[in-house]
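To start, the structure under review is shown below, and the notes come after it.
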Amino acid sequence: MEQPWRRQIPSTVRRLWSSLRESSVPTYLVGGAVRDLLRGVRPHDYDLASRRTPEQVIAWAHQHQWRVIATGVRFGTVSLYDPRAPQCIIEHTTLRREGRYHDGRHPDQVDWTDNIEEDLARRDFTINALALTWEGRLIDPYGGQKDLDRGIIACVGDAHRRLSEDPLRIWRAVRFVGMDHHGQPFQLAQSLQSAIERLWPQLKRISVERQRDELWRLLQTPHFGRALWEAERFGLFVVIWPHWRMTQGFVQRNPYHRYILNHHLLYTAQEGPSPLLRLTGLLHDIGKPWTYTLDAKGHGHFYGHAETGAVLAKNLLESLHFDHKTIRTVTALIAHHMYPWEQVEAKTLRRIAREWGDEHVQQLWILRKMDIIGAGYHTRWAAEERVKRRWNEALSPSSSPTRLAINGKDIMRWLHLSPGPEVGRWLKQVQQWVDDDPAINDPQILKERILNAIK
Ligand code: ATP
Ligand code: MG
């Protein structure tokens with residue numbers, strides 16, 4: 001029987017699922033993929049489950065020309081992919097029931113089972129404790145479908161016990177708030193909220209990497225703004241970033257700001273169009289409490305907070321082991337977010353664009369918009385269009401970094417240099433002169449400038 005949801009599943013997944021169940025071993029699609037198919041959202045990963053042990057799955061895969069990555073064999077998980085479509089990785093996890101937890105991370109013992117309902121019982125939330133058979137029968141012993149229909153996140157079983165077993169479920173609950181339910185965010189069941197209010201300090205037992213991954217997934221959800229406010233309500237940012245406490249309730253005493261600092265950070269993040277800008281928004285003013293001064297009129301100032309904030313943000317992101325590129329991009333945006341764009345000269349804009357790339361400048365502009373709106377001043381943003389026009393002029397192709405009229409060979413000849421980093425340093429210097437004043441981009445003039453500079 002053809003099922004409507006089956007057509008939404010990528011053909012590689014269908015092929016694997018279909019051939020796995022052919023050997024009369026019931027094989028289920030489980031967890032988040034079922035949840036998303038039922039909501040009409042395309043799942044971003046697919047998990048299959050059956051009573052096959054990891055060793056049996058590996059042997060089966062070798063016979064059937066599937067490649068295997070033995071990701072978490074101890075916990076029953078094997079990743080499979082077709083060498084012709086290596087980007088589509090599908091996990092198979094042996095049906096299991098779980099013993100007690102000691103470390104709040106992995107159960108002390110894992111027992112295999114052939115009972116799908118037992119397997120679903122160990123899953124975190126009712127909406128994730130769902131399984132589908134190949135024939136299209138939904139297995140839903142904990143009312144997951146009903147909670148999906150109501151937009152509710154509730155634990156399988158007692159919330160307090162389930163969160164104590166694995167406190168990462170706190171972050172997971174909060175990120176699922178960001179999912180869409182008919183245009184609204186999901187809601188946490190009352191029992192789950194009470195459990196989080198009591199148990200959030202237990203998150204300290206969980207590795208920073210796992211918490212970071214959930215935060216990053218949260219930042220990608222449709223209602224991430226709401227999820228961020230929930231994370232703050234439960235104190236989750238203080239768990240991952242103890243510095244965050246300084247922002248909470250911090251009154252800025254500044255005419256450009258309507259909100260206390262942590263609220264400003266959340267409102268700013270909320271305006272971000274991408275996960276990266278949302279993360280940047282969340283941290284962009286983190287330097288403020290460290291640079292706060294009060295003038296005679298009673299106004300707060302934060303001189304140098306962008307630079308201080310960039311250093312702090314670097315520490316905070318490194319502490320979560322974010323990748324190098326993300327750290328570099330976010331901290332550069334934070335360091336530059338206070339440029340007085342209305343005053344800077346075109347050449348400064350060009351220099352930033354050259355050093356950091358056009359995309360960086362575009363993102364700075366978006367961050368500026370997020371910042372102004374996040375400060376509670378939508379109307380002030382309208383006036384900014386004037387500034388943007390100046391930018392566009394400064395950064396238009398006709399005035400973008402000029403191609404130099406000389407090259408490294410010229411410099412080596414004039415200065416009697418051999419190839420090496422010194423030549424590169426000269427080229428950088430010359431590029432800067434020319435960006436500042438395109439009129440001097442002439443071999444003769446540049447030669448004189450260079451020879452004068454070494455006198
Ligand atoms: P996503 O759509 O973002 O992948 P997901 O719910 O599928 O969300 P995964 O990390 O892929 O999240 O996990 C797959 C399934 O494994 C979940 O749906 C849930 O059933 C189970 N699961 C994952 N993490 C936990 C956990 N910490 N505790 C209990 N069950 C979990
Ligand atoms: Mg998943």
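How things are named: the first chain in the structure tokens is A, the next is B, and so on; residues count from 1 in each chain; ligands count from 1 in the order shown.
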
Give the residue list for ligand 2 at 8 Å, counting only C-alpha atoms and all ligand atoms, as a ChimeraX atom specification, sorted by chain and then by residue number. /A:31-33,43-47

Selection near A:His284, 7 Å with only C-alpha atoms, sequence-local residues under 4 positions removed, as a ChimeraX atom specification: /A:280,309,334

Please save N, CA, C and O atoms of the selected residues as a JSON list (two decimals), in the first residue's frame.
```json
[["chain", "number", "residue", "atom", "x", "y", "z"],
["A", 280, "THR", "N", 25.50, 36.00, 17.00],
["A", 280, "THR", "CA", 26.22, 37.27, 17.14],
["A", 280, "THR", "C", 25.38, 38.27, 17.92],
["A", 280, "THR", "O", 25.88, 38.95, 18.82],
["A", 309, "GLY", "N", 34.00, 43.26, 24.06],
["A", 309, "GLY", "CA", 32.99, 42.23, 23.81],
["A", 309, "GLY", "C", 33.50, 41.15, 22.87],
["A", 309, "GLY", "O", 33.21, 39.97, 23.04],
["A", 334, "ILE", "N", 31.33, 41.41, 16.05],
["A", 334, "ILE", "CA", 31.15, 42.11, 17.33],
["A", 334, "ILE", "C", 32.17, 43.25, 17.44],
["A", 334, "ILE", "O", 31.84, 44.38, 17.81]]
```

Per residue of chain A within 8 Å of ligand 1, note the shortest atom pair and the distance in Å to one decimal, counting only C-alpha atoms and all ligand atoms, and order the rows by chain and increasing residue number, as CSV.
```
residue,atom,partner,partner_atom_place_in_ligand_line,distance
A:Val30,CA,ligand 1,20 (O),7.0
A:Gly31,CA,ligand 1,18 (O),3.5
A:Gly32,CA,ligand 1,7 (O),3.3
A:Ala33,CA,ligand 1,7 (O),5.9
A:Arg35,CA,ligand 1,18 (O),7.6
A:Asp36,CA,ligand 1,2 (O),7.1
A:Pro43,CA,ligand 1,2 (O),6.0
A:His44,CA,ligand 1,2 (O),5.9
A:Asp45,CA,ligand 1,4 (O),5.6
A:Tyr46,CA,ligand 1,7 (O),7.6
A:Asp47,CA,ligand 1,14 (C),6.8
A:Arg105,CA,ligand 1,27 (N),7.9
A:Leu120,CA,ligand 1,20 (O),7.2
A:Arg122,CA,ligand 1,29 (C),6.0
A:Arg123,CA,ligand 1,30 (N),3.6
A:Asp124,CA,ligand 1,29 (C),3.8
A:Phe125,CA,ligand 1,20 (O),7.1
A:Ile127,CA,ligand 1,18 (O),7.7
A:Asn128,CA,ligand 1,18 (O),4.2
A:Ala129,CA,ligand 1,20 (O),5.3
A:Leu130,CA,ligand 1,20 (O),7.5
A:Asp166,CA,ligand 1,27 (N),6.1
A:Pro167,CA,ligand 1,27 (N),7.8
A:Leu168,CA,ligand 1,27 (N),5.8
A:Arg169,CA,ligand 1,27 (N),5.2
A:Arg172,CA,ligand 1,27 (N),7.4
A:Arg217,CA,ligand 1,3 (O),6.6
```

Calculated over only C-alpha atoms, which of the candidates A:Asn441, A:Gln145, A:Trp381, A:Leu446 has the smallest distance to A:Ile411? A:Leu446

Here atom CA of A:Ile240 and atom CA of A:Val208 stand apart by 7.2 Å

Where in stretch 384-438 of chain A does DSSP assign alpha helix (DSSP H), given as a PyMOL selection string? chain A and resi 384-395+408-415+421-436

Requested write-out: N, CA, C and O atoms of the selected residues, as a short mmCIF file (atom, residue, chain, number, x, y, z; two decimals), in the first residue's frame:
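See out.cif below for the written result:
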```cif
data_model
loop_
_atom_site.label_atom_id
_atom_site.label_comp_id
_atom_site.auth_asym_id
_atom_site.auth_seq_id
_atom_site.Cartn_x
_atom_site.Cartn_y
_atom_site.Cartn_z
N GLU A 384 18.23 55.38 9.00
CA GLU A 384 19.50 54.75 8.65
C GLU A 384 19.66 54.55 7.15
O GLU A 384 20.76 54.32 6.66
N GLU A 385 18.56 54.60 6.43
CA GLU A 385 18.65 54.38 4.99
C GLU A 385 19.63 55.36 4.33
O GLU A 385 20.31 55.04 3.38
N ARG A 386 19.68 56.56 4.91
CA ARG A 386 20.58 57.58 4.40
C ARG A 386 22.03 57.08 4.48
O ARG A 386 22.82 57.20 3.57
N VAL A 387 22.33 56.51 5.65
CA VAL A 387 23.69 56.01 5.87
C VAL A 387 23.97 54.87 4.87
O VAL A 387 25.04 54.79 4.28
N LYS A 388 22.97 54.04 4.68
CA LYS A 388 23.15 52.90 3.79
C LYS A 388 23.48 53.37 2.37
O LYS A 388 24.30 52.77 1.68
N ARG A 389 22.84 54.47 1.93
CA ARG A 389 23.12 54.97 0.58
C ARG A 389 24.59 55.33 0.44
O ARG A 389 25.23 55.02 -0.55
N ARG A 390 25.12 55.98 1.49
CA ARG A 390 26.55 56.35 1.44
C ARG A 390 27.41 55.11 1.31
O ARG A 390 28.40 55.07 0.61
N TRP A 391 27.03 54.11 2.04
CA TRP A 391 27.77 52.84 2.00
C TRP A 391 27.80 52.28 0.61
O TRP A 391 28.81 51.86 0.11
N ASN A 392 26.60 52.23 0.02
CA ASN A 392 26.51 51.62 -1.31
C ASN A 392 27.42 52.35 -2.28
O ASN A 392 28.07 51.73 -3.11
N GLU A 393 27.45 53.68 -2.13
CA GLU A 393 28.33 54.43 -3.02
C GLU A 393 29.77 54.04 -2.78
O GLU A 393 30.52 53.74 -3.69
N ALA A 394 30.13 54.03 -1.49
CA ALA A 394 31.53 53.74 -1.16
C ALA A 394 31.93 52.34 -1.62
O ALA A 394 33.07 52.11 -1.99
N LEU A 395 30.97 51.42 -1.58
CA LEU A 395 31.32 50.03 -1.87
C LEU A 395 30.91 49.59 -3.27
O LEU A 395 31.02 48.42 -3.61
N GLY A 408 54.34 42.43 -7.46
CA GLY A 408 55.44 42.04 -6.57
C GLY A 408 56.80 42.10 -7.25
O GLY A 408 57.81 42.44 -6.64
N LYS A 409 56.79 41.77 -8.54
CA LYS A 409 58.09 41.79 -9.27
C LYS A 409 58.68 43.19 -9.30
O LYS A 409 59.88 43.39 -9.14
N ASP A 410 57.78 44.20 -9.52
CA ASP A 410 58.25 45.60 -9.52
C ASP A 410 58.90 45.92 -8.18
O ASP A 410 60.00 46.49 -8.13
N ILE A 411 58.22 45.52 -7.11
CA ILE A 411 58.73 45.84 -5.77
C ILE A 411 60.09 45.17 -5.54
O ILE A 411 61.03 45.79 -5.04
N MET A 412 60.21 43.91 -5.97
CA MET A 412 61.48 43.20 -5.78
C MET A 412 62.62 43.90 -6.54
O MET A 412 63.72 44.04 -6.05
N ARG A 413 62.25 44.37 -7.73
CA ARG A 413 63.28 45.03 -8.56
C ARG A 413 63.71 46.36 -7.92
O ARG A 413 64.89 46.62 -7.72
N TRP A 414 62.72 47.15 -7.52
CA TRP A 414 63.05 48.48 -6.97
C TRP A 414 63.80 48.38 -5.65
O TRP A 414 64.65 49.18 -5.33
N LEU A 415 63.42 47.39 -4.85
CA LEU A 415 64.01 47.32 -3.51
C LEU A 415 65.08 46.24 -3.39
O LEU A 415 65.58 45.97 -2.30
N PRO A 421 58.11 37.02 2.44
CA PRO A 421 57.00 37.74 3.08
C PRO A 421 57.14 39.26 3.02
O PRO A 421 56.14 39.98 3.03
N GLU A 422 58.36 39.74 2.92
CA GLU A 422 58.53 41.19 2.88
C GLU A 422 57.83 41.80 1.66
O GLU A 422 57.23 42.86 1.75
N VAL A 423 57.89 41.09 0.55
CA VAL A 423 57.24 41.59 -0.67
C VAL A 423 55.73 41.70 -0.42
O VAL A 423 55.08 42.68 -0.77
N GLY A 424 55.18 40.68 0.23
CA GLY A 424 53.75 40.68 0.55
C GLY A 424 53.39 41.86 1.43
O GLY A 424 52.35 42.51 1.24
N ARG A 425 54.26 42.13 2.41
CA ARG A 425 53.97 43.26 3.31
C ARG A 425 53.95 44.57 2.54
O ARG A 425 53.10 45.42 2.76
N TRP A 426 54.87 44.72 1.58
CA TRP A 426 54.88 45.95 0.77
C TRP A 426 53.62 46.06 -0.06
O TRP A 426 53.00 47.12 -0.15
N LEU A 427 53.21 44.95 -0.66
CA LEU A 427 52.01 44.99 -1.51
C LEU A 427 50.79 45.42 -0.70
O LEU A 427 49.95 46.19 -1.14
N LYS A 428 50.72 44.92 0.53
CA LYS A 428 49.59 45.26 1.39
C LYS A 428 49.60 46.76 1.69
O LYS A 428 48.56 47.44 1.64
N GLN A 429 50.81 47.27 1.97
CA GLN A 429 50.96 48.69 2.27
C GLN A 429 50.53 49.53 1.06
O GLN A 429 49.78 50.50 1.18
N VAL A 430 51.01 49.12 -0.12
CA VAL A 430 50.71 49.89 -1.33
C VAL A 430 49.19 49.87 -1.60
O VAL A 430 48.59 50.88 -1.94
N GLN A 431 48.59 48.68 -1.38
CA GLN A 431 47.14 48.58 -1.59
C GLN A 431 46.40 49.57 -0.69
O GLN A 431 45.44 50.22 -1.09
N GLN A 432 46.89 49.70 0.52
CA GLN A 432 46.25 50.62 1.46
C GLN A 432 46.37 52.07 0.96
O GLN A 432 45.41 52.82 0.99
N TRP A 433 47.57 52.44 0.49
CA TRP A 433 47.73 53.80 -0.04
C TRP A 433 46.75 54.04 -1.17
O TRP A 433 46.11 55.09 -1.24
N VAL A 434 46.64 53.06 -2.06
CA VAL A 434 45.82 53.25 -3.25
C VAL A 434 44.33 53.29 -2.88
O VAL A 434 43.56 54.08 -3.44
N ASP A 435 43.94 52.48 -1.91
CA ASP A 435 42.54 52.53 -1.48
C ASP A 435 42.22 53.89 -0.86
O ASP A 435 41.13 54.43 -1.03
N ASP A 436 43.19 54.42 -0.14
CA ASP A 436 42.97 55.74 0.48
C ASP A 436 42.91 56.83 -0.58
O ASP A 436 42.17 57.78 -0.45
#
```

Polymer residues at most 7 Å from stretch 3-14 of chain A, only C-alpha atoms, same-chain spacing of 3 or more positions, as a PyMOL selection string: chain A and resi 17-18+37+90+136

By how many Å are atom CA of A:Met179 and atom CA of A:Tyr377 apart? 28.1 Å

Give the strand (DSSP E or B) residues of stretch 263-455 of chain A, as assigned by DSSP on the backbone, as JSON, numbers by chain. {"A": [293, 294, 300, 301]}

Mind dumping a table of every stretch 256-370 of chain A residue within 10 Å of stretch 219-228 of chain A, with the nearest atom pair and its distance in Å to one decimal, using only C-alpha atoms, sorted by chain and rising number, as a Markdown table?
```
| residue | atom | partner | partner_atom | distance |
| --- | --- | --- | --- | --- |
| A:Leu266 | CA | A:Leu228 | CA | 7.0 |
| A:Tyr267 | CA | A:Gly225 | CA | 7.9 |
| A:Thr268 | CA | A:Gly225 | CA | 9.6 |
| A:Ala269 | CA | A:Gly225 | CA | 7.4 |
| A:Gln270 | CA | A:Gly225 | CA | 4.8 |
| A:Glu271 | CA | A:Gly225 | CA | 8.2 |
| A:Gly272 | CA | A:Gly225 | CA | 9.3 |
| A:Pro273 | CA | A:Gln220 | CA | 9.8 |
| A:Ser274 | CA | A:Gln220 | CA | 7.6 |
| A:Pro275 | CA | A:Leu219 | CA | 5.1 |
| A:Leu276 | CA | A:Leu219 | CA | 8.3 |
| A:Leu277 | CA | A:Leu219 | CA | 9.6 |
| A:Arg278 | CA | A:Leu219 | CA | 6.9 |
| A:Leu279 | CA | A:Leu219 | CA | 7.6 |
| A:Leu282 | CA | A:Leu228 | CA | 9.3 |
```

Point-to-point distance from atom CA of A:Ser207 to atom CA of A:Val238, Å rounded to tenths: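 Going from atom CA of A:Ser207 over to atom CA of A:Val238, I get 14.8 Å.
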
Selection near A:Glu98, 8 Å with only C-alpha atoms, sequence-local residues under 6 positions removed, as a PyMOL selection string: chain A and resi 107+109-111+122

Please dump the current selection as an mmCIF file, in the first residue's frame; keep N, CA, C and O atoms.
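Result went into again-v5.cif, see below:
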```cif
data_model
loop_
_atom_site.group_PDB
_atom_site.id
_atom_site.type_symbol
_atom_site.label_atom_id
_atom_site.label_comp_id
_atom_site.auth_asym_id
_atom_site.auth_seq_id
_atom_site.Cartn_x
_atom_site.Cartn_y
_atom_site.Cartn_z
ATOM 1 N N PRO A 107 23.336 5.546 29.833
ATOM 2 C CA PRO A 107 22.811 4.593 30.802
ATOM 3 C C PRO A 107 23.919 3.618 31.201
ATOM 4 O O PRO A 107 24.835 3.353 30.425
ATOM 5 N N GLN A 109 23.709 0.506 31.688
ATOM 6 C CA GLN A 109 23.720 -0.691 30.862
ATOM 7 C C GLN A 109 22.659 -0.555 29.794
ATOM 8 O O GLN A 109 21.664 0.157 29.958
ATOM 9 N N VAL A 110 22.916 -1.193 28.698
ATOM 10 C CA VAL A 110 21.978 -1.147 27.586
ATOM 11 C C VAL A 110 21.606 -2.581 27.268
ATOM 12 O O VAL A 110 22.478 -3.414 27.056
ATOM 13 N N ASP A 111 20.314 -2.852 27.288
ATOM 14 C CA ASP A 111 19.869 -4.201 26.930
ATOM 15 C C ASP A 111 19.137 -4.144 25.609
ATOM 16 O O ASP A 111 18.251 -3.306 25.431
ATOM 17 N N ARG A 122 12.229 4.759 26.261
ATOM 18 C CA ARG A 122 13.456 5.414 26.723
ATOM 19 C C ARG A 122 13.674 6.754 26.031
ATOM 20 O O ARG A 122 14.630 7.461 26.308
#
```

Skipping near chain neighbours, those fewer than 4 positions away, what residues fall within 12 Å of stretch 285-302 of chain A using only C-alpha atoms, listed as a ChimeraX atom specification? /A:241-257,260-269,279-281,306-316,331,333-338,367-368,371,374-375

May I have the residues within 12 Å of A:Leu20 as a PyMOL selection string, using only C-alpha atoms and disregarding those fewer than 2 positions away in the same chain? chain A and resi 13-18+22-29+48-52+56-58+60-61+63-64+66+80+92+133-134

What's the 7 Å shell around A:Gln187, counting only C-alpha atoms, without same-chain residues fewer than 3 positions away, as a PDB file with C-alpha atoms, in the first residue's frame?
```
ATOM      1  CA  GLY A 151       1.703  21.642  20.081  1.00  0.00           C
ATOM      2  CA  ILE A 152       2.859  20.327  23.443  1.00  0.00           C
ATOM      3  CA  ILE A 153       6.231  19.016  24.553  1.00  0.00           C
ATOM      4  CA  VAL A 177       9.743  25.094  21.626  1.00  0.00           C
TER       5      VAL A 177
END
```
